[in-house]
$ cat data-v7.pdb   # PDB, C-alpha atoms
ATOM      1  CA  MET C   1      -5.253 -19.620 -64.968
ATOM      2  CA  ALA C   2      -3.626 -19.691 -68.405
ATOM      3  CA  ASP C   3      -3.314 -22.991 -70.188
ATOM      4  CA  GLN C   4      -0.047 -24.805 -69.756
ATOM      5  CA  LYS C   5       2.301 -24.296 -72.680
ATOM      6  CA  HIS C   6       3.297 -27.041 -75.086
ATOM      7  CA  LEU C   7       6.739 -28.565 -74.673
ATOM      8  CA  SER C   8       8.523 -28.141 -77.989
ATOM      9  CA  GLY C   9      11.608 -30.134 -78.915
ATOM     10  CA  ARG C  10      13.798 -27.153 -78.033
ATOM     11  CA  ALA C  11      12.043 -26.701 -74.694
ATOM     12  CA  TRP C  12      12.544 -30.388 -73.894
ATOM     13  CA  ALA C  13      16.248 -30.148 -74.770
ATOM     14  CA  GLU C  14      16.802 -27.092 -72.585
ATOM     15  CA  LEU C  15      14.763 -28.582 -69.742
ATOM     16  CA  LEU C  16      16.910 -31.719 -69.830
ATOM     17  CA  LEU C  17      20.052 -29.561 -69.962
ATOM     18  CA  LEU C  18      18.864 -27.654 -66.899
ATOM     19  CA  GLY C  19      18.262 -30.937 -65.080
ATOM     20  CA  LEU C  20      21.743 -32.131 -66.046
ATOM     21  CA  ILE C  21      23.352 -28.907 -64.803
ATOM     22  CA  TRP C  22      21.520 -28.939 -61.478
ATOM     23  CA  GLY C  23      21.982 -32.684 -61.064
ATOM     24  CA  ALA C  24      25.756 -32.315 -61.370
ATOM     25  CA  SER C  25      25.787 -29.379 -58.940
ATOM     26  CA  PHE C  26      25.262 -31.707 -55.964
ATOM     27  CA  LEU C  27      28.498 -33.520 -56.786
ATOM     28  CA  ALA C  28      30.392 -30.249 -57.314
ATOM     29  CA  ILE C  29      29.241 -28.909 -53.956
ATOM     30  CA  ARG C  30      30.256 -32.139 -52.202
ATOM     31  CA  ILE C  31      33.713 -32.023 -53.813
ATOM     32  CA  ALA C  32      34.225 -28.449 -52.617
ATOM     33  CA  LEU C  33      33.149 -29.423 -49.097
ATOM     34  CA  ASP C  34      36.090 -31.828 -48.931
ATOM     35  CA  THR C  35      38.328 -28.752 -48.725
ATOM     36  CA  ILE C  36      36.341 -25.731 -47.544
ATOM     37  CA  PRO C  37      33.762 -25.196 -44.743
ATOM     38  CA  VAL C  38      30.036 -24.988 -45.422
ATOM     39  CA  MET C  39      29.600 -21.235 -45.064
ATOM     40  CA  THR C  40      32.639 -20.522 -47.214
ATOM     41  CA  SER C  41      31.276 -22.798 -49.934
ATOM     42  CA  VAL C  42      27.963 -20.937 -49.875
ATOM     43  CA  LEU C  43      29.700 -17.550 -49.970
ATOM     44  CA  HIS C  44      31.630 -18.622 -53.061
ATOM     45  CA  ARG C  45      28.388 -19.735 -54.683
ATOM     46  CA  VAL C  46      26.415 -16.538 -54.163
ATOM     47  CA  PHE C  47      29.300 -14.061 -54.573
ATOM     48  CA  TRP C  48      30.680 -15.246 -57.915
ATOM     49  CA  ALA C  49      27.207 -15.872 -59.317
ATOM     50  CA  MET C  50      26.208 -12.358 -58.231
ATOM     51  CA  LEU C  51      29.146 -10.792 -60.048
ATOM     52  CA  ALA C  52      28.441 -12.780 -63.217
ATOM     53  CA  LEU C  53      24.783 -11.761 -63.314
ATOM     54  CA  TRP C  54      25.476  -8.075 -62.646
ATOM     55  CA  LEU C  55      27.945  -8.138 -65.547
ATOM     56  CA  ILE C  56      25.155  -9.495 -67.739
ATOM     57  CA  VAL C  57      22.772  -6.792 -66.473
ATOM     58  CA  TRP C  58      25.401  -4.176 -67.338
ATOM     59  CA  ALA C  59      26.043  -5.700 -70.789
ATOM     60  CA  LYS C  60      22.301  -5.654 -71.536
ATOM     61  CA  GLN C  61      22.098  -2.071 -70.255
ATOM     62  CA  GLN C  62      19.200  -2.968 -67.998
ATOM     63  CA  SER C  63      18.192  -0.474 -65.346
ATOM     64  CA  VAL C  64      19.117  -1.233 -61.752
ATOM     65  CA  PRO C  65      16.448  -0.555 -59.085
ATOM     66  CA  THR C  66      17.295   2.216 -56.657
ATOM     67  CA  ASP C  67      14.319   2.192 -54.278
ATOM     68  CA  LEU C  68      14.698   0.711 -50.809
ATOM     69  CA  ARG C  69      11.528  -1.363 -51.142
ATOM     70  CA  THR C  70      12.936  -3.376 -54.051
ATOM     71  CA  TRP C  71      16.283  -3.870 -52.342
ATOM     72  CA  GLY C  72      14.467  -5.010 -49.231
ATOM     73  CA  ALA C  73      12.623  -7.537 -51.402
ATOM     74  CA  PHE C  74      15.979  -8.652 -52.819
ATOM     75  CA  LEU C  75      17.259  -9.209 -49.279
ATOM     76  CA  VAL C  76      14.271 -11.380 -48.326
ATOM     77  CA  MET C  77      14.482 -13.293 -51.610
ATOM     78  CA  GLY C  78      18.211 -13.860 -51.153
ATOM     79  CA  LEU C  79      17.553 -15.214 -47.678
ATOM     80  CA  LEU C  80      14.736 -17.562 -48.745
ATOM     81  CA  ASN C  81      16.063 -18.712 -52.116
ATOM     82  CA  ASN C  82      19.811 -18.749 -51.486
ATOM     83  CA  ALA C  83      21.188 -18.195 -48.003
ATOM     84  CA  ILE C  84      18.890 -20.592 -46.102
ATOM     85  CA  PRO C  85      18.544 -23.471 -48.602
ATOM     86  CA  PHE C  86      22.133 -23.332 -49.883
ATOM     87  CA  THR C  87      23.454 -23.486 -46.317
ATOM     88  CA  LEU C  88      21.099 -26.218 -45.096
ATOM     89  CA  MET C  89      21.661 -28.404 -48.133
ATOM     90  CA  ALA C  90      25.433 -27.981 -48.154
ATOM     91  CA  TRP C  91      25.572 -28.892 -44.472
ATOM     92  CA  GLY C  92      23.268 -31.845 -45.063
ATOM     93  CA  GLN C  93      25.550 -33.159 -47.802
ATOM     94  CA  LEU C  94      28.304 -33.625 -45.240
ATOM     95  CA  TYR C  95      26.325 -36.508 -43.744
ATOM     96  CA  ILE C  96      24.168 -37.994 -46.518
ATOM     97  CA  ASP C  97      24.849 -39.003 -50.127
ATOM     98  CA  THR C  98      24.473 -36.541 -52.980
ATOM     99  CA  GLY C  99      21.853 -38.762 -54.609
ATOM    100  CA  LEU C 100      19.620 -38.771 -51.543
ATOM    101  CA  THR C 101      20.090 -35.004 -51.219
ATOM    102  CA  SER C 102      18.803 -34.548 -54.760
ATOM    103  CA  ILE C 103      15.787 -36.787 -54.096
ATOM    104  CA  LEU C 104      14.802 -34.851 -50.973
ATOM    105  CA  ASN C 105      15.414 -31.593 -52.846
ATOM    106  CA  ALA C 106      12.745 -32.682 -55.352
ATOM    107  CA  ALA C 107      10.197 -32.081 -52.600
ATOM    108  CA  THR C 108      10.580 -28.388 -53.482
ATOM    109  CA  ALA C 109       7.924 -28.750 -56.187
ATOM    110  CA  VAL C 110       5.516 -30.434 -53.748
ATOM    111  CA  PHE C 111       6.029 -27.765 -51.101
ATOM    112  CA  GLY C 112       5.643 -25.116 -53.798
ATOM    113  CA  VAL C 113       2.145 -26.315 -54.684
ATOM    114  CA  LEU C 114       1.149 -26.465 -51.009
ATOM    115  CA  VAL C 115       2.538 -23.018 -50.151
ATOM    116  CA  ALA C 116       0.927 -21.456 -53.227
ATOM    117  CA  ALA C 117      -2.431 -22.994 -52.282
ATOM    118  CA  MET C 118      -2.162 -21.480 -48.798
ATOM    119  CA  LEU C 119      -1.178 -17.996 -49.999
ATOM    120  CA  PHE C 120      -2.879 -17.402 -53.355
ATOM    121  CA  ARG C 121      -6.550 -17.654 -54.226
ATOM    122  CA  ASP C 122      -5.877 -18.716 -57.823
ATOM    123  CA  GLU C 123      -3.723 -21.677 -56.702
ATOM    124  CA  ARG C 124      -6.424 -23.762 -55.045
ATOM    125  CA  LEU C 125      -5.601 -27.268 -53.837
ATOM    126  CA  THR C 126      -7.771 -29.436 -56.098
ATOM    127  CA  LYS C 127      -8.302 -33.150 -55.510
ATOM    128  CA  ALA C 128      -5.649 -33.992 -58.115
ATOM    129  CA  ARG C 129      -3.159 -31.611 -56.544
ATOM    130  CA  ALA C 130      -3.921 -32.965 -53.076
ATOM    131  CA  LEU C 131      -3.215 -36.473 -54.370
ATOM    132  CA  GLY C 132       0.059 -35.321 -55.949
ATOM    133  CA  VAL C 133       1.120 -33.561 -52.743
ATOM    134  CA  GLY C 134       0.194 -36.599 -50.655
ATOM    135  CA  LEU C 135       2.212 -38.935 -52.867
ATOM    136  CA  GLY C 136       5.086 -36.476 -52.764
ATOM    137  CA  PHE C 137       5.221 -36.501 -48.989
ATOM    138  CA  LEU C 138       4.838 -40.274 -48.942
ATOM    139  CA  GLY C 139       7.784 -40.576 -51.332
ATOM    140  CA  VAL C 140       9.951 -38.359 -49.134
ATOM    141  CA  THR C 141       8.965 -40.398 -46.076
ATOM    142  CA  ILE C 142       9.899 -43.646 -47.818
ATOM    143  CA  ALA C 143      13.211 -42.207 -49.032
ATOM    144  CA  ILE C 144      14.140 -41.168 -45.500
ATOM    145  CA  GLY C 145      13.002 -44.527 -44.118
ATOM    146  CA  TRP C 146      10.117 -45.300 -41.802
ATOM    147  CA  ARG C 147      12.382 -46.561 -38.998
ATOM    148  CA  ASN C 148      14.509 -43.422 -39.063
ATOM    149  CA  PHE C 149      11.607 -41.404 -37.724
ATOM    150  CA  ALA C 150      11.917 -43.353 -34.471
ATOM    151  CA  SER C 151      15.614 -42.527 -34.036
ATOM    152  CA  PHE C 152      17.557 -39.290 -33.845
ATOM    153  CA  ASN C 153      21.062 -39.096 -35.282
ATOM    154  CA  ILE C 154      23.146 -36.746 -37.394
ATOM    155  CA  GLN C 155      22.061 -38.390 -40.664
ATOM    156  CA  ASN C 156      18.402 -37.861 -39.824
ATOM    157  CA  VAL C 157      19.040 -34.245 -38.866
ATOM    158  CA  ALA C 158      20.840 -33.771 -42.201
ATOM    159  CA  GLN C 159      17.829 -35.163 -44.073
ATOM    160  CA  LEU C 160      15.526 -32.803 -42.197
ATOM    161  CA  ALA C 161      17.862 -29.923 -43.089
ATOM    162  CA  ILE C 162      17.474 -30.765 -46.792
ATOM    163  CA  ILE C 163      13.686 -30.853 -46.396
ATOM    164  CA  ALA C 164      13.781 -27.479 -44.628
ATOM    165  CA  GLY C 165      15.832 -26.098 -47.509
ATOM    166  CA  ALA C 166      13.228 -27.354 -49.979
ATOM    167  CA  LEU C 167      10.488 -25.645 -47.944
ATOM    168  CA  SER C 168      12.482 -22.406 -48.013
ATOM    169  CA  TYR C 169      12.633 -22.635 -51.825
ATOM    170  CA  ALA C 170       8.844 -22.945 -51.891
ATOM    171  CA  PHE C 171       8.350 -19.784 -49.845
ATOM    172  CA  ALA C 172      10.912 -18.030 -52.047
ATOM    173  CA  SER C 173       8.815 -18.838 -55.113
ATOM    174  CA  ALA C 174       5.766 -17.292 -53.474
ATOM    175  CA  TRP C 175       7.756 -14.215 -52.419
ATOM    176  CA  ALA C 176       9.113 -13.771 -55.950
ATOM    177  CA  ARG C 177       5.564 -13.734 -57.318
ATOM    178  CA  VAL C 178       4.503 -11.073 -54.824
ATOM    179  CA  ALA C 179       7.559  -8.801 -54.780
ATOM    180  CA  LEU C 180       9.758  -9.363 -57.849
ATOM    181  CA  SER C 181       7.525 -10.364 -60.761
ATOM    182  CA  HIS C 182       7.687  -6.847 -62.254
ATOM    183  CA  LEU C 183      11.473  -7.018 -62.724
ATOM    184  CA  PRO C 184      13.492  -8.488 -65.605
ATOM    185  CA  PRO C 185      14.603 -12.016 -64.574
ATOM    186  CA  THR C 186      18.325 -11.210 -64.801
ATOM    187  CA  VAL C 187      17.947  -8.154 -62.553
ATOM    188  CA  ALA C 188      15.820 -10.123 -60.067
ATOM    189  CA  ALA C 189      18.369 -12.967 -59.937
ATOM    190  CA  ALA C 190      21.332 -10.588 -59.556
ATOM    191  CA  GLY C 191      19.502  -8.650 -56.848
ATOM    192  CA  MET C 192      18.573 -11.690 -54.794
ATOM    193  CA  LEU C 193      22.141 -13.023 -54.968
ATOM    194  CA  THR C 194      23.331  -9.628 -53.755
ATOM    195  CA  GLY C 195      20.921  -9.918 -50.836
ATOM    196  CA  ALA C 196      22.202 -13.431 -50.146
ATOM    197  CA  THR C 197      25.821 -12.224 -50.221
ATOM    198  CA  VAL C 198      25.019  -9.461 -47.724
ATOM    199  CA  VAL C 199      23.584 -12.097 -45.371
ATOM    200  CA  ILE C 200      26.212 -14.800 -45.890
ATOM    201  CA  LEU C 201      29.399 -12.662 -45.825
ATOM    202  CA  PRO C 202      29.366 -11.614 -42.139
ATOM    203  CA  ILE C 203      28.284 -15.089 -41.025
ATOM    204  CA  THR C 204      31.142 -16.646 -42.986
ATOM    205  CA  LEU C 205      33.689 -14.227 -41.534
ATOM    206  CA  MET C 206      32.474 -15.049 -38.003
ATOM    207  CA  THR C 207      32.386 -18.833 -38.434
ATOM    208  CA  ASP C 208      35.149 -19.580 -40.960
ATOM    209  CA  GLY C 209      37.284 -16.452 -41.024
ATOM    210  CA  ILE C 210      38.518 -14.824 -44.227
ATOM    211  CA  PRO C 211      38.159 -17.321 -47.101
ATOM    212  CA  VAL C 212      41.429 -18.875 -48.241
ATOM    213  CA  LEU C 213      41.960 -18.581 -51.995
ATOM    214  CA  ASN C 214      44.943 -20.935 -52.172
ATOM    215  CA  LEU C 215      42.804 -23.988 -52.861
ATOM    216  CA  PRO C 216      43.403 -27.206 -54.835
ATOM    217  CA  ALA C 217      42.564 -27.006 -58.522
ATOM    218  CA  ILE C 218      39.726 -29.528 -58.157
ATOM    219  CA  THR C 219      38.105 -27.300 -55.525
ATOM    220  CA  TRP C 220      38.218 -24.272 -57.822
ATOM    221  CA  VAL C 221      36.778 -26.343 -60.649
ATOM    222  CA  ALA C 222      33.912 -27.384 -58.364
ATOM    223  CA  ILE C 223      33.343 -23.789 -57.164
ATOM    224  CA  THR C 224      33.424 -22.453 -60.719
ATOM    225  CA  TYR C 225      30.888 -25.035 -61.793
ATOM    226  CA  TYR C 226      28.350 -24.642 -59.007
ATOM    227  CA  ALA C 227      28.663 -20.836 -58.827
ATOM    228  CA  LEU C 228      28.889 -19.805 -62.476
ATOM    229  CA  VAL C 229      27.298 -22.715 -64.335
ATOM    230  CA  ALA C 230      24.810 -24.212 -61.856
ATOM    231  CA  THR C 231      23.765 -20.915 -60.241
ATOM    232  CA  ALA C 232      24.278 -17.904 -62.531
ATOM    233  CA  GLY C 233      24.004 -19.824 -65.803
ATOM    234  CA  ALA C 234      21.212 -22.077 -64.572
ATOM    235  CA  TYR C 235      19.084 -19.091 -63.513
ATOM    236  CA  LEU C 236      19.295 -17.691 -67.045
ATOM    237  CA  LEU C 237      18.426 -21.075 -68.543
ATOM    238  CA  TYR C 238      15.623 -21.529 -65.993
ATOM    239  CA  TYR C 239      13.879 -18.365 -67.153
ATOM    240  CA  ARG C 240      14.322 -19.341 -70.804
ATOM    241  CA  VAL C 241      12.622 -22.687 -70.206
ATOM    242  CA  LEU C 242       9.953 -21.007 -68.080
ATOM    243  CA  ALA C 243       9.092 -18.654 -70.941
ATOM    244  CA  MET C 244       8.967 -21.498 -73.479
ATOM    245  CA  ALA C 245       7.333 -24.263 -71.442
ATOM    246  CA  GLY C 246       5.457 -22.642 -68.570
ATOM    247  CA  ALA C 247       5.720 -23.250 -64.828
ATOM    248  CA  GLY C 248       3.817 -26.537 -64.896
ATOM    249  CA  ASN C 249       6.091 -28.193 -67.446
ATOM    250  CA  LEU C 250       9.173 -26.736 -65.773
ATOM    251  CA  MET C 251       8.251 -28.819 -62.711
ATOM    252  CA  LEU C 252       9.395 -31.867 -64.698
ATOM    253  CA  VAL C 253      13.018 -30.800 -64.220
ATOM    254  CA  THR C 254      12.760 -32.144 -60.674
ATOM    255  CA  LEU C 255      12.442 -35.636 -62.165
ATOM    256  CA  VAL C 256      15.639 -35.230 -64.190
ATOM    257  CA  ILE C 257      17.909 -34.005 -61.391
ATOM    258  CA  PRO C 258      18.019 -37.051 -59.036
ATOM    259  CA  PRO C 259      19.044 -39.682 -61.634
ATOM    260  CA  ILE C 260      21.947 -37.450 -62.706
ATOM    261  CA  ALA C 261      23.051 -36.827 -59.123
ATOM    262  CA  ILE C 262      22.712 -40.515 -58.222
ATOM    263  CA  LEU C 263      24.727 -41.618 -61.255
ATOM    264  CA  LEU C 264      27.536 -39.120 -60.676
ATOM    265  CA  GLY C 265      27.684 -39.887 -56.958
ATOM    266  CA  SER C 266      27.891 -43.601 -57.696
ATOM    267  CA  VAL C 267      30.570 -43.331 -60.374
ATOM    268  CA  LEU C 268      32.779 -40.636 -58.872
ATOM    269  CA  ARG C 269      32.305 -41.083 -55.120
ATOM    270  CA  ASP C 270      31.285 -44.752 -54.798
ATOM    271  CA  GLU C 271      27.966 -43.821 -53.211
ATOM    272  CA  ALA C 272      25.290 -46.491 -52.963
ATOM    273  CA  LEU C 273      21.737 -45.603 -51.968
ATOM    274  CA  PRO C 274      19.447 -48.068 -50.186
ATOM    275  CA  VAL C 275      16.510 -49.540 -52.091
ATOM    276  CA  GLN C 276      14.099 -47.421 -50.045
ATOM    277  CA  ALA C 277      15.609 -44.258 -51.578
ATOM    278  CA  TYR C 278      14.810 -45.421 -55.104
ATOM    279  CA  LEU C 279      11.318 -46.513 -54.082
ATOM    280  CA  GLY C 280      10.743 -43.167 -52.403
ATOM    281  CA  PHE C 281      11.859 -41.324 -55.530
ATOM    282  CA  ALA C 282       9.481 -43.426 -57.651
ATOM    283  CA  VAL C 283       6.520 -42.498 -55.433
ATOM    284  CA  LEU C 284       7.627 -38.855 -55.284
ATOM    285  CA  GLY C 285       8.024 -38.839 -59.070
ATOM    286  CA  LEU C 286       4.486 -40.163 -59.492
ATOM    287  CA  GLY C 287       3.236 -37.345 -57.306
ATOM    288  CA  LEU C 288       5.123 -34.792 -59.416
ATOM    289  CA  LEU C 289       3.668 -36.206 -62.621
ATOM    290  CA  ILE C 290       0.164 -35.900 -61.185
ATOM    291  CA  LEU C 291       0.886 -32.299 -60.199
ATOM    292  CA  ASN C 292       2.187 -31.612 -63.694
ATOM    293  CA  ARG C 293      -0.966 -33.061 -65.323
ATOM    294  CA  SER C 294      -3.086 -31.072 -62.896
ATOM    295  CA  ALA C 295      -1.296 -27.878 -63.977
ATOM    296  CA  ALA C 296      -1.972 -28.757 -67.615
ATOM    297  CA  ARG C 297      -5.725 -28.997 -66.959
ATOM    298  CA  ASP C 298      -6.022 -25.753 -64.959
TER     299      ASP C 298
END
$ encode --input "data-v7.pdb" --output "structure tokens"
Amino acid sequence: MADQKHLSGRAWAELLLLGLIWGASFLAIRIALDTIPVMTSVLHRVFWAMLALWLIVWAKQQSVPTDLRTWGAFLVMGLLNNAIPFTLMAWGQLYIDTGLTSILNAATAVFGVLVAAMLFRDERLTKARALGVGLGFLGVTIAIGWRNFASFNIQNVAQLAIIAGALSYAFASAWARVALSHLPPTVAAAGMLTGATVVILPITLMTDGIPVLNLPAITWVAITYYALVATAGAYLLYYRVLAMAGAGNLMLVTLVIPPIAILLGSVLRDEALPVQAYLGFAVLGLGLLILNRSAARD
């Protein structure tokens, strides 16, 4: 495996910006959910982001794949990386705070290491990685709360939905490596969002009906942010940071997102997380740091 890249000052700045953008997306999604149903909110996210990225593909004069195999890969990627996790996490946010959602979402990096170790020979689960994964799962368990595993209520189901969304992200990462790594990042992102739109549109029409466009201004601001800035724009920034810093360093963005989401949720929605959530994030963060250092040594 290639050595992990050095984090330059510019890479650090863009990594922190990416964490800020994604951290604020949890609040934007929750604001939109005050007015529109879950599936409609997800449709807005994938549809407008799809249009924005295809416009960029057209402006760059990049070639668009025409073979059915690639479009089939886009459909699977859109399902794993957008339709499933976006829906599960948006639904989960109806019942748990945005800050806790962001903490549980950070488990994506832990699941990613575990899934890669199961599927790829060059991603073996070393002792250091096993320790990082173990601490990650322990952190998630603490954040959810030991006692909550003995009960079954809507809040617990919502937390499990967030975890399932994080697992879906991990499988999406593996699928992207297998099926989409030969494509320019902008084309791959636009294609997967097209696949997600194809999946989400009929479900939305069946569950919510035709989306209403006469929405409050604050809802449109939230939709514009999480669709164009935190989805389309963030994908472009993600690939920039990936090229500069490498996948291992990019994992650090998962440590930036929760503090932003927690702060915004506290200030703007009067959310207050229990102490166990902060303790769980600390343990999870330690696991992520160990995974990051392990990536640097490989």
$ resolve_selection --input "data-v7.pdb" --expression "the PyMOL selection byres ((chain C and resi 211-215) around 12)" --output "PyMOL selection string"
chain C and resi 32-44+201-210+216-223
$ resolve_selection --input "data-v7.pdb" --expression "the PyMOL selection byres ((chain C and resi 177) around 12)" --output "JSON, numbers by chain"
{"C": [73, 77, 112, 116, 119, 120, 170, 171, 172, 173, 174, 175, 176, 178, 179, 180, 181, 182, 183, 185, 188]}
$ write_last_selection --input "data-v7.pdb" --atoms "C-alpha atoms" --output "PDB file, keeping the file's coordinate frame"
ATOM      1  CA  ALA C  73      12.623  -7.537 -51.402  1.00  0.00           C
ATOM      2  CA  MET C  77      14.482 -13.293 -51.610  1.00  0.00           C
ATOM      3  CA  GLY C 112       5.643 -25.116 -53.798  1.00  0.00           C
ATOM      4  CA  ALA C 116       0.927 -21.456 -53.227  1.00  0.00           C
ATOM      5  CA  LEU C 119      -1.178 -17.996 -49.999  1.00  0.00           C
ATOM      6  CA  PHE C 120      -2.879 -17.402 -53.355  1.00  0.00           C
ATOM      7  CA  ALA C 170       8.844 -22.945 -51.891  1.00  0.00           C
ATOM      8  CA  PHE C 171       8.350 -19.784 -49.845  1.00  0.00           C
ATOM      9  CA  ALA C 172      10.912 -18.030 -52.047  1.00  0.00           C
ATOM     10  CA  SER C 173       8.815 -18.838 -55.113  1.00  0.00           C
ATOM     11  CA  ALA C 174       5.766 -17.292 -53.474  1.00  0.00           C
ATOM     12  CA  TRP C 175       7.756 -14.215 -52.419  1.00  0.00           C
ATOM     13  CA  ALA C 176       9.113 -13.771 -55.950  1.00  0.00           C
ATOM     14  CA  VAL C 178       4.503 -11.073 -54.824  1.00  0.00           C
ATOM     15  CA  ALA C 179       7.559  -8.801 -54.780  1.00  0.00           C
ATOM     16  CA  LEU C 180       9.758  -9.363 -57.849  1.00  0.00           C
ATOM     17  CA  SER C 181       7.525 -10.364 -60.761  1.00  0.00           C
ATOM     18  CA  HIS C 182       7.687  -6.847 -62.254  1.00  0.00           C
ATOM     19  CA  LEU C 183      11.473  -7.018 -62.724  1.00  0.00           C
ATOM     20  CA  PRO C 185      14.603 -12.016 -64.574  1.00  0.00           C
ATOM     21  CA  ALA C 188      15.820 -10.123 -60.067  1.00  0.00           C
TER      22      ALA C 188
END
$ residues_around --input "data-v7.pdb" --residues "Ile163 in chain C" --least-positions-apart "6" --cutoff "10 Å" --atoms "all atoms listed in the file" --output "VMD selection string"
chain C and resid 85 88 to 89 92 101 103 to 108 111 140 157 169
$ atom_distance --input "data-v7.pdb" --atom1 "CA of Ala83 in chain C" --atom2 "CA of Phe26 in chain C"
16.2 Å
$ atom_distance --input "data-v7.pdb" --atom1 "CA of Gly23 in chain C" --atom2 "CA of Val76 in chain C"
26.0 Å
$ resolve_selection --input "data-v7.pdb" --expression "the PyMOL selection byres ((chain C and resi 197) around 9)" --output "PyMOL selection string"
chain C and resi 42-43+46-47+50+78+82-83+192-196+198-202
$ closest_atom_pairs --input "data-v7.pdb" --of "range 114-145 of chain C" --to "range 264-286 of chain C" --cutoff "8 Å" --atoms "all atoms listed in the file" --output "JSON lines"
{"residue": "C:Gly132", "atom": "CA", "partner": "C:Leu286", "partner_atom": "CA", "distance": 7.5}
{"residue": "C:Leu135", "atom": "CA", "partner": "C:Leu284", "partner_atom": "CA", "distance": 5.9}
{"residue": "C:Gly136", "atom": "CA", "partner": "C:Leu284", "partner_atom": "CA", "distance": 4.3}
{"residue": "C:Phe137", "atom": "CA", "partner": "C:Leu284", "partner_atom": "CA", "distance": 7.1}
{"residue": "C:Leu138", "atom": "CA", "partner": "C:Val283", "partner_atom": "CA", "distance": 7.1}
{"residue": "C:Gly139", "atom": "CA", "partner": "C:Gly280", "partner_atom": "CA", "distance": 4.1}
{"residue": "C:Val140", "atom": "CA", "partner": "C:Gly280", "partner_atom": "CA", "distance": 5.9}
{"residue": "C:Thr141", "atom": "CA", "partner": "C:Gly280", "partner_atom": "CA", "distance": 7.1}
{"residue": "C:Ile142", "atom": "CA", "partner": "C:Gly280", "partner_atom": "CA", "distance": 4.7}
{"residue": "C:Ala143", "atom": "CA", "partner": "C:Ala277", "partner_atom": "CA", "distance": 4.1}
{"residue": "C:Ile144", "atom": "CA", "partner": "C:Ala277", "partner_atom": "CA", "distance": 7.0}
{"residue": "C:Gly145", "atom": "CA", "partner": "C:Gln276", "partner_atom": "CA", "distance": 6.7}
$ closest_residue --input "data-v7.pdb" --among "C:Ala158, C:Ala189, C:Ile290, C:Ile260" --to "Gly233 in chain C" --atoms "only C-alpha atoms"
C:Ala189
$ atom_distance --input "data-v7.pdb" --atom1 "CA of Leu16 in chain C" --atom2 "CA of Leu263 in chain C"
15.3 Å
$ closest_residue --input "data-v7.pdb" --among "C:Ala245, C:Ile31, C:Val113, C:Leu291" --to "Asp97 in chain C" --atoms "only C-alpha atoms"
C:Ile31
$ residues_near_point --input "data-v7.pdb" --point "(24.4, -21.1, -60.1)" --cutoff "9 Å" --atoms "all atoms listed in the file" --output "VMD selection string"
chain C and resid 22 25 45 to 46 48 to 49 225 to 235
$ closest_residue --input "data-v7.pdb" --among "C:Asn249, C:Asn156, C:Asn292, C:Thr186" --to "Val64 in chain C" --atoms "all atoms listed in the file"
C:Thr186
$ residues_around --input "data-v7.pdb" --residues "Ser168 in chain C" --least-positions-apart "5" --cutoff "7 Å" --atoms "only C-alpha atoms" --output "number ranges by chain"
C: 80-81, 84-85
$ axis_aligned_box --input "data-v7.pdb" --around "range 284-288 of chain C" --padding-each-side "4 Å" --output "AutoDock Vina command-line options"
--center_x 5.6 --center_y -37.5 --center_z -57.4 --size_x 12.8 --size_y 13.4 --size_z 12.2
$ build_atoms --input "data-v7.pdb" --residues "range 216-223 of chain C" --atoms "N, CA, C and O atoms" --output "PDB file, in the coordinates of the input"
ATOM      1  N   PRO C 216      43.069 -26.254 -53.776  1.00  0.00           N
ATOM      2  CA  PRO C 216      43.403 -27.206 -54.835  1.00  0.00           C
ATOM      3  C   PRO C 216      42.627 -26.906 -56.113  1.00  0.00           C
ATOM      4  O   PRO C 216      41.513 -26.363 -56.065  1.00  0.00           O
ATOM      5  N   ALA C 217      43.198 -27.280 -57.230  1.00  0.00           N
ATOM      6  CA  ALA C 217      42.564 -27.006 -58.522  1.00  0.00           C
ATOM      7  C   ALA C 217      41.172 -27.627 -58.606  1.00  0.00           C
ATOM      8  O   ALA C 217      40.233 -27.009 -59.134  1.00  0.00           O
ATOM      9  N   ILE C 218      41.014 -28.846 -58.075  1.00  0.00           N
ATOM     10  CA  ILE C 218      39.726 -29.528 -58.157  1.00  0.00           C
ATOM     11  C   ILE C 218      38.651 -28.757 -57.385  1.00  0.00           C
ATOM     12  O   ILE C 218      37.475 -28.734 -57.782  1.00  0.00           O
ATOM     13  N   THR C 219      39.062 -28.093 -56.299  1.00  0.00           N
ATOM     14  CA  THR C 219      38.105 -27.300 -55.525  1.00  0.00           C
ATOM     15  C   THR C 219      37.644 -26.089 -56.316  1.00  0.00           C
ATOM     16  O   THR C 219      36.452 -25.768 -56.349  1.00  0.00           O
ATOM     17  N   TRP C 220      38.585 -25.428 -57.001  1.00  0.00           N
ATOM     18  CA  TRP C 220      38.218 -24.272 -57.822  1.00  0.00           C
ATOM     19  C   TRP C 220      37.359 -24.679 -59.012  1.00  0.00           C
ATOM     20  O   TRP C 220      36.461 -23.944 -59.421  1.00  0.00           O
ATOM     21  N   VAL C 221      37.628 -25.844 -59.560  1.00  0.00           N
ATOM     22  CA  VAL C 221      36.778 -26.343 -60.649  1.00  0.00           C
ATOM     23  C   VAL C 221      35.354 -26.546 -60.133  1.00  0.00           C
ATOM     24  O   VAL C 221      34.374 -26.159 -60.793  1.00  0.00           O
ATOM     25  N   ALA C 222      35.234 -27.146 -58.952  1.00  0.00           N
ATOM     26  CA  ALA C 222      33.912 -27.384 -58.364  1.00  0.00           C
ATOM     27  C   ALA C 222      33.205 -26.059 -58.073  1.00  0.00           C
ATOM     28  O   ALA C 222      32.015 -25.898 -58.376  1.00  0.00           O
ATOM     29  N   ILE C 223      33.925 -25.094 -57.475  1.00  0.00           N
ATOM     30  CA  ILE C 223      33.343 -23.789 -57.164  1.00  0.00           C
ATOM     31  C   ILE C 223      32.892 -23.078 -58.438  1.00  0.00           C
ATOM     32  O   ILE C 223      31.792 -22.521 -58.515  1.00  0.00           O
TER      33      ILE C 223
END
